[in-house]
Amino acid sequence: MGEKLFCSPQGSPGIAVMLRALLLTSLLSWASGQEGPTMLPEEKTKIRDQIVEMFDHAYGSYMKYAYPADELMPLSCRGRVRGLEPNRGDIDDSLGKFSLTLIDTLDTLVVLNKLDEFEDAVRRTLKDVRLDNDVVVSVFETNIRVLGGLLGAHVMADMLRQRGERMQWYGDELLHMAKELGHRLLPAFNTTSGLPYPRVNLRYGVLNPLSRTGTESDTCTACAGTMILEFAALSRLSGEAVFEMCFCDQQENARKALDVLWEKRQRGSDLVGTVINIHNGDWVRRDSGVGAGIDSYYEYLMKAYVLLGDNVYLERFNTHYSAIMKYISQPPLLLNVHMHNPTVSVRSWMDSLLAFFPGLQVLRGDLKPAIETHEMLYQVTKQHKFLPEAFTTEFRVHWGQHPLRPEFAESTYYLYKATGDPYYLRVGQSIVEKLNAHARVPCGFAAMQDVRTGTHEDRMDSFFLAEMFKYLYLLFSEKNQLHFDIDDYIFTTEAHLLPVSLSTSQPPCRGNNTEAPTAVEEDLFTYSCPSTQTLFPNNPSFAKTIRDSYKYLTGVGRAFHASPDRGIELPLHDHGMEPVEFLRSMGISLTPLNEAVAGATETHGEAHKGVYRVKLVAEVTQTPEEEVVPLIVQLISPPFLGRTVLTAGPAKFGMDLIKQEHGVKGSIVKTSPYTACGPIENAEELSGHIALALRGDCMFAAKARRLQEAGAIGVIFIDHREGSNSAATPLFQMVGDGGSTADITIPLVFLFSQEGALLTSALEDHSNVDVLMLPKERQLGKRADKADKPLGKMNIKFRLAEEGELEEGEARGPTLKFVLEKGEVVLEEEEYRQQGDSCLTAGGDHVPCSYGQTAASPPFHSPNDPNTDP
């Protein structure tokens, strides 16, 4: 199954080798008896062939329309080249002009038995790819995608070469490229704490004056803690001591980064935060969970134990895992809590990256919560087609994007391999069908911009080819249908394959111990391999029983049965009448079940003493979602004069613009750096003005604090996601960083990228742009007192008057005259007073105002005009 839960007592290499040879084979012994029909081999073959066809469509489109660019833009049918497309913020940090998608896909080609394509792709990589580009890239993304991709491809090429069937010409060139890239990433570790910089320039490093990086102060926990598999594998495959030193020398690089994260955990809860300062090791964001920002840190502790045979990683993982199950896991939910006060949930939503966690729990042998959380995620996909990027604890959409993430497919694969339950094949089949039905486009597969509307985003990330197709193909494949034994390899977080044999190629680091480990309550699987004989003794339907509790979690699929008194049974004891009285005071009447079923025992069965039937006096409705009050950014300086109005989203912190009668007015100035995630370089220019800042790289609250300290009187954040707009994407409220935001007092609004582009374009074209930030309902020039005031029902008659009928003083010519039959309704005639005003057309010409239009009102536009307020 790719990763086996290896059990290797330190210092016992013979036992370690024997234990590493054990698979979770007994987990397959109870496959019979599961709910749902068993999938016949013919059907599995058909779905597997469909997956191969989908891969061919995606990979072929990249090679045809995008290569050698880093990624494919499937809607535009062209490659995404950094610097030639609009900046998307930190998303673009994975692009290094090194044919990212090709490298990330190499070992997938071998898994899918596309050996001719693999050999051709390796030759292209060696011929075309350069790693010394003057580009600033994410250390984390480059490590897992490119370094991991090169290592996985080298392992596959070496395996094929040793078999004598193919690749006889191969001379470890991919490994040499991996070594070069490893050396180019090493400068990122040059910090006082040992935590790496988040970015590095591939040519100039970090601290070189030409590097254009090195000013960052923060990094995410996963970014610092997800290096050890690739770097240790590079060391053991290449034999270069510099990489092995990264892990065995307590004062060196990536191993020290893991040590710092361990030492900085909250000792009372054994949890870590999400963002940490790379210079002093202080936590910047103290919310703790298993999703974005932390996820692969936990994953790599477990897998480092598997790959390297070092008990310290397992001890640390077990300590963290106990804390996760105590504070974060609230089955089937996985909630973020405050690391210093873990009984407090810091937000009411979950992000989609936590979908990997059930797979990790399978490796740990903790199948019950894995099944529970996976079933919850499956129910969310049934409701929304895909996992939204974030969803609430009530399973409503919080962020609607879905960039074709593979984590749910990954956990589905692990659960099927652990249980053999055909139910998970059906889950995998639903993933395949939804990708084809909703994400497939002529030039590949496009990410979902919003799962609620079905709109697409012009991106197909490399991980879609590296991970999604790998897990789906393996899910529907038997071991004898693969070109190699998948159980001899471990998956990295990007699903690249590293050989488990590396665990015995070198002994664990001497002196590598977890100091003063926290006392952890050990269970059956703390140091042993899981087995269904222990997990599910004489109970082959155990997994189905767990799933059934969450089958209708989101309400999808539940059958409706009308009932005169919809009842629930409350196990209230005979003398426990206080709860009964309390419910009665809330308008809920209760009748003892034996009375309610008198004469109807054949329907309800035997009555139980102390059990009551509840009759709902009033229907209970779902709590409505919190309303987002739309704001606007209105351009009021010439030549705009209020005609350009941009819809904006609010923040849950900072000045409340709803309470500001006249809004906040000021000139806009672009922040430097644009993301406002480092020291503000143009503070003097920003002082007394409204700052423009790009979303991404750090929290909204952190940006706001820096800009407020620089003297800005307000901030307009602009989305870094290309093509987003308020017409297609629902507004949301910006949230803080989990701590107090009472110190932030300036107004903050959020513009999607299309509206933001209009604003930045206006700033480029004009030396000064004044804007007004205010609620949409108080838009300048909008006659809310008349235009929005309902006049009620009335009958209107009109007729064309002859010239002779016109009264003296009226204008000559045909006139429309309205006669109102409701005498109490009077139309004021202020509009006529504007006939002498001069109005500006869209082209800037002065013309007489038309009826109902004032000098301050905008000209009429098409509903699709981006300058109008949607």
# chains A, B, ... in the order shown; residues from 1 in each chain; ligands from 1
>>> select_by_dssp(residues="segment 684-776 of chain A", states="strand (DSSP E)", output="PDB file with all heavy atoms, in the first residue's frame")
ATOM      1  N   ILE A 690      -4.786  55.832   1.843  1.00  0.00           N
ATOM      2  CA  ILE A 690      -5.354  54.485   1.866  1.00  0.00           C
ATOM      3  C   ILE A 690      -4.412  53.560   1.105  1.00  0.00           C
ATOM      4  O   ILE A 690      -4.063  53.835  -0.044  1.00  0.00           O
ATOM      5  CB  ILE A 690      -6.755  54.459   1.249  1.00  0.00           C
ATOM      6  CG1 ILE A 690      -7.728  55.297   2.104  1.00  0.00           C
ATOM      7  CG2 ILE A 690      -7.271  53.031   1.125  1.00  0.00           C
ATOM      8  CD1 ILE A 690      -9.111  55.446   1.509  1.00  0.00           C
ATOM      9  N   ALA A 691      -3.971  52.483   1.752  1.00  0.00           N
ATOM     10  CA  ALA A 691      -2.975  51.583   1.175  1.00  0.00           C
ATOM     11  C   ALA A 691      -3.635  50.503   0.332  1.00  0.00           C
ATOM     12  O   ALA A 691      -4.695  49.979   0.676  1.00  0.00           O
ATOM     13  CB  ALA A 691      -2.150  50.938   2.281  1.00  0.00           C
ATOM     14  N   LEU A 692      -2.994  50.175  -0.796  1.00  0.00           N
ATOM     15  CA  LEU A 692      -3.363  49.019  -1.599  1.00  0.00           C
ATOM     16  C   LEU A 692      -2.372  47.908  -1.303  1.00  0.00           C
ATOM     17  O   LEU A 692      -1.159  48.121  -1.390  1.00  0.00           O
ATOM     18  CB  LEU A 692      -3.319  49.331  -3.100  1.00  0.00           C
ATOM     19  CG  LEU A 692      -4.278  50.384  -3.652  1.00  0.00           C
ATOM     20  CD1 LEU A 692      -4.157  50.438  -5.162  1.00  0.00           C
ATOM     21  CD2 LEU A 692      -5.700  50.078  -3.241  1.00  0.00           C
ATOM     22  N   ALA A 693      -2.858  46.710  -0.954  1.00  0.00           N
ATOM     23  CA  ALA A 693      -1.970  45.590  -0.626  1.00  0.00           C
ATOM     24  C   ALA A 693      -2.518  44.313  -1.245  1.00  0.00           C
ATOM     25  O   ALA A 693      -3.741  44.126  -1.331  1.00  0.00           O
ATOM     26  CB  ALA A 693      -1.835  45.431   0.888  1.00  0.00           C
ATOM     27  N   LEU A 694      -1.623  43.444  -1.669  1.00  0.00           N
ATOM     28  CA  LEU A 694      -2.006  42.183  -2.306  1.00  0.00           C
ATOM     29  C   LEU A 694      -2.217  41.110  -1.247  1.00  0.00           C
ATOM     30  O   LEU A 694      -1.447  41.000  -0.290  1.00  0.00           O
ATOM     31  CB  LEU A 694      -0.919  41.741  -3.280  1.00  0.00           C
ATOM     32  CG  LEU A 694      -1.235  40.533  -4.162  1.00  0.00           C
ATOM     33  CD1 LEU A 694      -2.314  40.879  -5.174  1.00  0.00           C
ATOM     34  CD2 LEU A 694       0.033  40.065  -4.885  1.00  0.00           C
ATOM     35  N   GLY A 714      -6.431  53.569   5.971  1.00  0.00           N
ATOM     36  CA  GLY A 714      -7.298  52.481   5.554  1.00  0.00           C
ATOM     37  C   GLY A 714      -6.519  51.554   4.639  1.00  0.00           C
ATOM     38  O   GLY A 714      -5.436  51.913   4.155  1.00  0.00           O
ATOM     39  N   VAL A 715      -7.061  50.346   4.421  1.00  0.00           N
ATOM     40  CA  VAL A 715      -6.382  49.385   3.554  1.00  0.00           C
ATOM     41  C   VAL A 715      -7.407  48.741   2.615  1.00  0.00           C
ATOM     42  O   VAL A 715      -8.493  48.350   3.051  1.00  0.00           O
ATOM     43  CB  VAL A 715      -5.679  48.273   4.369  1.00  0.00           C
ATOM     44  CG1 VAL A 715      -4.933  47.323   3.420  1.00  0.00           C
ATOM     45  CG2 VAL A 715      -4.718  48.845   5.389  1.00  0.00           C
ATOM     46  N   ILE A 716      -7.029  48.648   1.354  1.00  0.00           N
ATOM     47  CA  ILE A 716      -7.807  47.895   0.370  1.00  0.00           C
ATOM     48  C   ILE A 716      -6.966  46.690  -0.031  1.00  0.00           C
ATOM     49  O   ILE A 716      -5.912  46.835  -0.646  1.00  0.00           O
ATOM     50  CB  ILE A 716      -8.133  48.750  -0.863  1.00  0.00           C
ATOM     51  CG1 ILE A 716      -8.954  49.979  -0.462  1.00  0.00           C
ATOM     52  CG2 ILE A 716      -8.884  47.923  -1.903  1.00  0.00           C
ATOM     53  CD1 ILE A 716      -9.175  50.951  -1.606  1.00  0.00           C
ATOM     54  N   PHE A 717      -7.408  45.497   0.365  1.00  0.00           N
ATOM     55  CA  PHE A 717      -6.711  44.269  -0.009  1.00  0.00           C
ATOM     56  C   PHE A 717      -7.241  43.790  -1.360  1.00  0.00           C
ATOM     57  O   PHE A 717      -8.447  43.804  -1.606  1.00  0.00           O
ATOM     58  CB  PHE A 717      -6.928  43.180   1.042  1.00  0.00           C
ATOM     59  CG  PHE A 717      -6.338  43.507   2.386  1.00  0.00           C
ATOM     60  CD1 PHE A 717      -7.146  43.784   3.468  1.00  0.00           C
ATOM     61  CD2 PHE A 717      -4.968  43.529   2.559  1.00  0.00           C
ATOM     62  CE1 PHE A 717      -6.613  44.074   4.716  1.00  0.00           C
ATOM     63  CE2 PHE A 717      -4.414  43.824   3.800  1.00  0.00           C
ATOM     64  CZ  PHE A 717      -5.238  44.101   4.875  1.00  0.00           C
ATOM     65  N   ILE A 718      -6.338  43.325  -2.209  1.00  0.00           N
ATOM     66  CA  ILE A 718      -6.712  42.854  -3.541  1.00  0.00           C
ATOM     67  C   ILE A 718      -6.369  41.377  -3.653  1.00  0.00           C
ATOM     68  O   ILE A 718      -5.261  40.955  -3.313  1.00  0.00           O
ATOM     69  CB  ILE A 718      -5.996  43.673  -4.636  1.00  0.00           C
ATOM     70  CG1 ILE A 718      -6.433  45.147  -4.553  1.00  0.00           C
ATOM     71  CG2 ILE A 718      -6.269  43.104  -6.017  1.00  0.00           C
ATOM     72  CD1 ILE A 718      -5.720  46.054  -5.523  1.00  0.00           C
ATOM     73  N   LEU A 748     -10.870  48.318   6.708  1.00  0.00           N
ATOM     74  CA  LEU A 748     -10.272  47.337   5.812  1.00  0.00           C
ATOM     75  C   LEU A 748     -11.351  46.790   4.876  1.00  0.00           C
ATOM     76  O   LEU A 748     -12.437  46.428   5.336  1.00  0.00           O
ATOM     77  CB  LEU A 748      -9.672  46.171   6.612  1.00  0.00           C
ATOM     78  CG  LEU A 748      -8.826  46.534   7.836  1.00  0.00           C
ATOM     79  CD1 LEU A 748      -8.581  45.313   8.684  1.00  0.00           C
ATOM     80  CD2 LEU A 748      -7.504  47.156   7.406  1.00  0.00           C
ATOM     81  N   VAL A 749     -11.057  46.740   3.587  1.00  0.00           N
ATOM     82  CA  VAL A 749     -11.993  46.148   2.637  1.00  0.00           C
ATOM     83  C   VAL A 749     -11.217  45.222   1.711  1.00  0.00           C
ATOM     84  O   VAL A 749      -9.988  45.291   1.605  1.00  0.00           O
ATOM     85  CB  VAL A 749     -12.755  47.211   1.810  1.00  0.00           C
ATOM     86  CG1 VAL A 749     -13.532  48.142   2.716  1.00  0.00           C
ATOM     87  CG2 VAL A 749     -11.805  47.983   0.908  1.00  0.00           C
ATOM     88  N   PHE A 750     -11.958  44.346   1.024  1.00  0.00           N
ATOM     89  CA  PHE A 750     -11.347  43.339   0.163  1.00  0.00           C
ATOM     90  C   PHE A 750     -11.959  43.417  -1.230  1.00  0.00           C
ATOM     91  O   PHE A 750     -13.181  43.411  -1.382  1.00  0.00           O
ATOM     92  CB  PHE A 750     -11.569  41.945   0.741  1.00  0.00           C
ATOM     93  CG  PHE A 750     -11.020  40.830  -0.105  1.00  0.00           C
ATOM     94  CD1 PHE A 750      -9.706  40.440   0.014  1.00  0.00           C
ATOM     95  CD2 PHE A 750     -11.828  40.171  -1.028  1.00  0.00           C
ATOM     96  CE1 PHE A 750      -9.191  39.412  -0.753  1.00  0.00           C
ATOM     97  CE2 PHE A 750     -11.326  39.146  -1.811  1.00  0.00           C
ATOM     98  CZ  PHE A 750     -10.001  38.765  -1.665  1.00  0.00           C
ATOM     99  N   LEU A 751     -11.119  43.495  -2.250  1.00  0.00           N
ATOM    100  CA  LEU A 751     -11.557  43.473  -3.640  1.00  0.00           C
ATOM    101  C   LEU A 751     -11.079  42.194  -4.311  1.00  0.00           C
ATOM    102  O   LEU A 751      -9.935  41.770  -4.100  1.00  0.00           O
ATOM    103  CB  LEU A 751     -10.995  44.671  -4.414  1.00  0.00           C
ATOM    104  CG  LEU A 751     -11.465  46.079  -4.036  1.00  0.00           C
ATOM    105  CD1 LEU A 751     -10.746  47.106  -4.895  1.00  0.00           C
ATOM    106  CD2 LEU A 751     -12.968  46.213  -4.199  1.00  0.00           C
ATOM    107  N   ASP A 770      -8.629  59.487  -5.729  1.00  0.00           N
ATOM    108  CA  ASP A 770      -9.323  59.527  -4.439  1.00  0.00           C
ATOM    109  C   ASP A 770     -10.466  58.524  -4.458  1.00  0.00           C
ATOM    110  O   ASP A 770     -11.188  58.406  -5.457  1.00  0.00           O
ATOM    111  CB  ASP A 770      -9.890  60.923  -4.160  1.00  0.00           C
ATOM    112  CG  ASP A 770      -8.788  61.940  -3.932  1.00  0.00           C
ATOM    113  OD1 ASP A 770      -7.665  61.527  -3.596  1.00  0.00           O
ATOM    114  OD2 ASP A 770      -9.050  63.136  -4.111  1.00  0.00           O
ATOM    115  N   VAL A 771     -10.610  57.810  -3.350  1.00  0.00           N
ATOM    116  CA  VAL A 771     -11.686  56.823  -3.256  1.00  0.00           C
ATOM    117  C   VAL A 771     -12.474  57.045  -1.975  1.00  0.00           C
ATOM    118  O   VAL A 771     -12.008  57.693  -1.031  1.00  0.00           O
ATOM    119  CB  VAL A 771     -11.148  55.377  -3.281  1.00  0.00           C
ATOM    120  CG1 VAL A 771     -10.385  55.096  -4.554  1.00  0.00           C
ATOM    121  CG2 VAL A 771     -10.282  55.093  -2.056  1.00  0.00           C
ATOM    122  N   LEU A 772     -13.667  56.505  -1.970  1.00  0.00           N
ATOM    123  CA  LEU A 772     -14.534  56.542  -0.801  1.00  0.00           C
ATOM    124  C   LEU A 772     -14.880  55.105  -0.454  1.00  0.00           C
ATOM    125  O   LEU A 772     -15.356  54.346  -1.303  1.00  0.00           O
ATOM    126  CB  LEU A 772     -15.800  57.347  -1.111  1.00  0.00           C
ATOM    127  CG  LEU A 772     -16.746  57.655   0.049  1.00  0.00           C
ATOM    128  CD1 LEU A 772     -16.047  58.502   1.107  1.00  0.00           C
ATOM    129  CD2 LEU A 772     -17.993  58.359  -0.467  1.00  0.00           C
ATOM    130  N   MET A 773     -14.600  54.714   0.794  1.00  0.00           N
ATOM    131  CA  MET A 773     -14.926  53.374   1.280  1.00  0.00           C
ATOM    132  C   MET A 773     -16.157  53.491   2.172  1.00  0.00           C
ATOM    133  O   MET A 773     -16.118  54.193   3.185  1.00  0.00           O
ATOM    134  CB  MET A 773     -13.748  52.786   2.067  1.00  0.00           C
ATOM    135  CG  MET A 773     -12.446  52.707   1.284  1.00  0.00           C
ATOM    136  SD  MET A 773     -10.964  52.610   2.335  1.00  0.00           S
ATOM    137  CE  MET A 773     -11.289  51.122   3.256  1.00  0.00           C
ATOM    138  N   LEU A 774     -17.234  52.803   1.790  1.00  0.00           N
ATOM    139  CA  LEU A 774     -18.466  52.935   2.560  1.00  0.00           C
ATOM    140  C   LEU A 774     -19.393  51.778   2.227  1.00  0.00           C
ATOM    141  O   LEU A 774     -19.170  51.044   1.259  1.00  0.00           O
ATOM    142  CB  LEU A 774     -19.137  54.264   2.282  1.00  0.00           C
ATOM    143  CG  LEU A 774     -19.859  54.496   0.936  1.00  0.00           C
ATOM    144  CD1 LEU A 774     -20.688  55.765   1.021  1.00  0.00           C
ATOM    145  CD2 LEU A 774     -18.878  54.593  -0.222  1.00  0.00           C
ATOM    146  N   PRO A 775     -20.473  51.597   3.014  1.00  0.00           N
ATOM    147  CA  PRO A 775     -21.440  50.538   2.697  1.00  0.00           C
ATOM    148  C   PRO A 775     -22.101  50.782   1.351  1.00  0.00           C
ATOM    149  O   PRO A 775     -22.314  51.929   0.945  1.00  0.00           O
ATOM    150  CB  PRO A 775     -22.453  50.619   3.846  1.00  0.00           C
ATOM    151  CG  PRO A 775     -21.718  51.279   4.957  1.00  0.00           C
ATOM    152  CD  PRO A 775     -20.781  52.237   4.306  1.00  0.00           C
TER     153      PRO A 775
END
>>> closest_atom_pairs(of="segment 308-354 of chain A", to="segment 206-229 of chain A", cutoff="12 Å", atoms="only C-alpha atoms", output="Markdown table")
| residue | atom | partner | partner_atom | distance |
| --- | --- | --- | --- | --- |
| A:Leu308 | CA | A:Leu229 | CA | 8.5 |
| A:Gly309 | CA | A:Leu229 | CA | 11.9 |
| A:Tyr313 | CA | A:Ile228 | CA | 10.8 |
| A:Leu353 | CA | A:Ala222 | CA | 11.8 |
>>> write_last_selection(atoms="C-alpha atoms", output="short mmCIF file (atom, residue, chain, number, x, y, z; two decimals), in the first residue's frame")
data_model
loop_
_atom_site.label_atom_id
_atom_site.label_comp_id
_atom_site.auth_asym_id
_atom_site.auth_seq_id
_atom_site.Cartn_x
_atom_site.Cartn_y
_atom_site.Cartn_z
CA LEU A 308 15.05 6.32 8.38
CA GLY A 309 14.39 3.83 11.17
CA TYR A 313 10.49 10.59 15.05
CA LEU A 353 -6.01 19.99 3.31
#
>>> residues_around(residues="Glu85 of chain A", least_positions_apart="6", cutoff="10 Å", atoms="only C-alpha atoms", output="list in words")
Gly79, Asp92 and Glu722 of chain A
>>> closest_residue(among="A:Ser235, A:Thr419, A:Ser767, A:Ser345", to="Leu367 of chain A", atoms="only C-alpha atoms")
A:Thr419
>>> closest_residue(among="A:Ala728, A:Cys698, A:Leu363, A:Leu334", to="Trp349 of chain A", atoms="only C-alpha atoms")
A:Leu334
>>> residues_around(residues="Leu498 of chain A", least_positions_apart="5", cutoff="8 Å", atoms="only C-alpha atoms", output="ChimeraX atom specification")
/A:151-152,155,233,489-492
>>> write_last_selection(atoms="all heavy atoms", output="tab-separated table (two decimals), in the first residue's frame")
chain	number	residue	atom	x	y	z
A	151	LEU	N	14.07	12.89	-7.43
A	151	LEU	CA	14.47	11.68	-6.70
A	151	LEU	C	13.58	10.50	-7.05
A	151	LEU	O	14.06	9.39	-7.28
A	151	LEU	CB	14.43	11.95	-5.20
A	151	LEU	CG	15.49	12.92	-4.65
A	151	LEU	CD1	15.22	13.25	-3.19
A	151	LEU	CD2	16.89	12.31	-4.80
A	152	GLY	N	12.25	10.74	-7.08
A	152	GLY	CA	11.34	9.66	-7.44
A	152	GLY	C	11.60	9.14	-8.85
A	152	GLY	O	11.57	7.93	-9.10
A	155	VAL	N	14.80	7.04	-8.87
A	155	VAL	CA	14.55	5.72	-8.29
A	155	VAL	C	13.87	4.81	-9.32
A	155	VAL	O	14.22	3.64	-9.47
A	155	VAL	CB	13.69	5.85	-7.02
A	155	VAL	CG1	13.17	4.49	-6.56
A	155	VAL	CG2	14.49	6.52	-5.90
A	233	ALA	N	16.87	11.24	1.81
A	233	ALA	CA	16.95	10.33	0.67
A	233	ALA	C	18.05	10.78	-0.29
A	233	ALA	O	18.80	9.95	-0.83
A	233	ALA	CB	15.61	10.27	-0.05
A	489	TYR	N	7.93	0.86	-1.41
A	489	TYR	CA	8.17	2.30	-1.47
A	489	TYR	C	7.28	3.05	-0.47
A	489	TYR	O	6.23	2.56	-0.07
A	489	TYR	CB	7.90	2.82	-2.89
A	489	TYR	CG	8.80	2.18	-3.92
A	489	TYR	CD1	8.45	0.96	-4.52
A	489	TYR	CD2	10.01	2.76	-4.28
A	489	TYR	CE1	9.28	0.35	-5.45
A	489	TYR	CE2	10.84	2.16	-5.21
A	489	TYR	CZ	10.48	0.95	-5.79
A	489	TYR	OH	11.30	0.35	-6.70
A	490	ILE	N	7.73	4.23	-0.13
A	490	ILE	CA	6.95	5.12	0.71
A	490	ILE	C	6.63	6.37	-0.10
A	490	ILE	O	7.44	6.82	-0.92
A	490	ILE	CB	7.72	5.49	2.00
A	490	ILE	CG1	6.85	6.31	2.94
A	490	ILE	CG2	9.01	6.21	1.69
A	490	ILE	CD1	7.49	6.54	4.29
A	491	PHE	N	5.44	6.91	0.09
A	491	PHE	CA	5.05	8.13	-0.60
A	491	PHE	C	5.51	9.35	0.19
A	491	PHE	O	5.31	9.43	1.40
A	491	PHE	CB	3.52	8.21	-0.74
A	491	PHE	CG	2.94	7.25	-1.73
A	491	PHE	CD1	2.00	6.31	-1.33
A	491	PHE	CD2	3.32	7.29	-3.06
A	491	PHE	CE1	1.45	5.43	-2.24
A	491	PHE	CE2	2.77	6.41	-3.98
A	491	PHE	CZ	1.84	5.47	-3.56
A	492	THR	N	6.09	10.33	-0.51
A	492	THR	CA	6.31	11.63	0.10
A	492	THR	C	4.97	12.37	0.14
A	492	THR	O	3.95	11.86	-0.33
A	492	THR	CB	7.32	12.45	-0.70
A	492	THR	OG1	6.73	12.81	-1.97
A	492	THR	CG2	8.60	11.68	-0.93
>>> closest_residue(among="A:Leu502, A:Val397, A:Leu95, A:Met350", to="Arg236 of chain A", atoms="only C-alpha atoms")
A:Leu502
>>> closest_atom_pairs(of="segment 392-428 of chain A", to="segment 472-483 of chain A", cutoff="10 Å", atoms="only C-alpha atoms", output="CSV")
residue,atom,partner,partner_atom,distance
A:Pro406,CA,A:Leu472,CA,9.2
A:Ala409,CA,A:Leu472,CA,6.7
A:Glu410,CA,A:Leu472,CA,8.0
A:Thr412,CA,A:Leu475,CA,8.0
A:Tyr413,CA,A:Leu475,CA,5.3
A:Tyr414,CA,A:Leu475,CA,8.5
A:Leu415,CA,A:Leu475,CA,9.8
A:Tyr416,CA,A:Leu475,CA,7.4
A:Lys417,CA,A:Leu475,CA,7.8
A:Tyr424,CA,A:Leu475,CA,8.7
A:Leu425,CA,A:Leu475,CA,7.1
A:Gly428,CA,A:Leu472,CA,6.8
>>> atom_distance(atom1="atom CA of Pro331 of chain A", atom2="atom CA of Phe357 of chain A")
12.5 Å
>>> residues_around(residues="Asn190 of chain A", least_positions_apart="4", cutoff="9 Å", atoms="only C-alpha atoms", output="PyMOL selection string")
chain A and resi 186+194-197+206-207+253
>>> write_last_selection(atoms="N, CA, C and O atoms", output="compact mmCIF listing (two decimals), in the first residue's frame")
# COMPACT_ATOMS: atom_id res chain seq x y z
N LEU A 186 20.07 24.86 0.09
CA LEU A 186 20.74 24.92 1.39
C LEU A 186 20.87 26.33 1.96
O LEU A 186 20.77 26.50 3.18
N GLY A 194 17.79 28.19 12.86
CA GLY A 194 17.82 26.93 12.13
C GLY A 194 16.57 26.68 11.34
O GLY A 194 16.52 25.75 10.54
N LEU A 195 15.55 27.50 11.54
CA LEU A 195 14.34 27.40 10.73
C LEU A 195 14.61 28.05 9.38
O LEU A 195 15.17 29.14 9.32
N PRO A 196 14.24 27.42 8.27
CA PRO A 196 14.62 27.95 6.96
C PRO A 196 13.81 29.17 6.55
O PRO A 196 12.66 29.34 6.96
N TYR A 197 14.42 30.00 5.73
CA TYR A 197 13.67 31.06 5.06
C TYR A 197 12.60 30.41 4.17
O TYR A 197 12.82 29.32 3.63
N VAL A 206 19.98 33.55 -0.71
CA VAL A 206 19.08 34.33 0.14
C VAL A 206 19.65 35.70 0.48
O VAL A 206 18.98 36.72 0.33
N LEU A 207 20.86 35.77 0.94
CA LEU A 207 21.39 37.01 1.47
C LEU A 207 22.18 37.82 0.45
O LEU A 207 22.64 38.92 0.74
N ASN A 253 21.00 22.50 9.62
CA ASN A 253 19.89 22.61 8.70
C ASN A 253 18.58 21.91 9.02
O ASN A 253 17.99 22.15 10.06
>>> residues_around(residues="Ser637 of chain A", least_positions_apart="3", cutoff="9 Å", atoms="only C-alpha atoms", output="list in words")
Phe640, Leu641, Gly642, Asn768, Val769, Asp770 and Val771 of chain A
>>> atom_distance(atom1="atom CA of Thr493 of chain A", atom2="atom CA of Thr125 of chain A")
22.1 Å
>>> residues_around(residues="Arg721 of chain A", least_positions_apart="3", cutoff="10 Å", atoms="only C-alpha atoms", output="list in words")
Pro86, Asn87, Arg88, Gly89, Asp90, Ile91, Gln449, Glu457, Asp458, Leu694, Arg695, Gly696, Ile718, Ser724, Asn725, Phe752, Ser753 and Gln754 of chain A
>>> select_by_dssp(residues="segment 101-300 of chain A", states="helix (DSSP H, G or I)", output="number ranges by chain")
A: 101-111, 115-128, 139-163, 173-189, 221-225, 228-238, 241-248, 253-263, 295-300
>>> atom_distance(atom1="atom CA of Tyr204 of chain A", atom2="atom CA of Gly678 of chain A")
20.0 Å
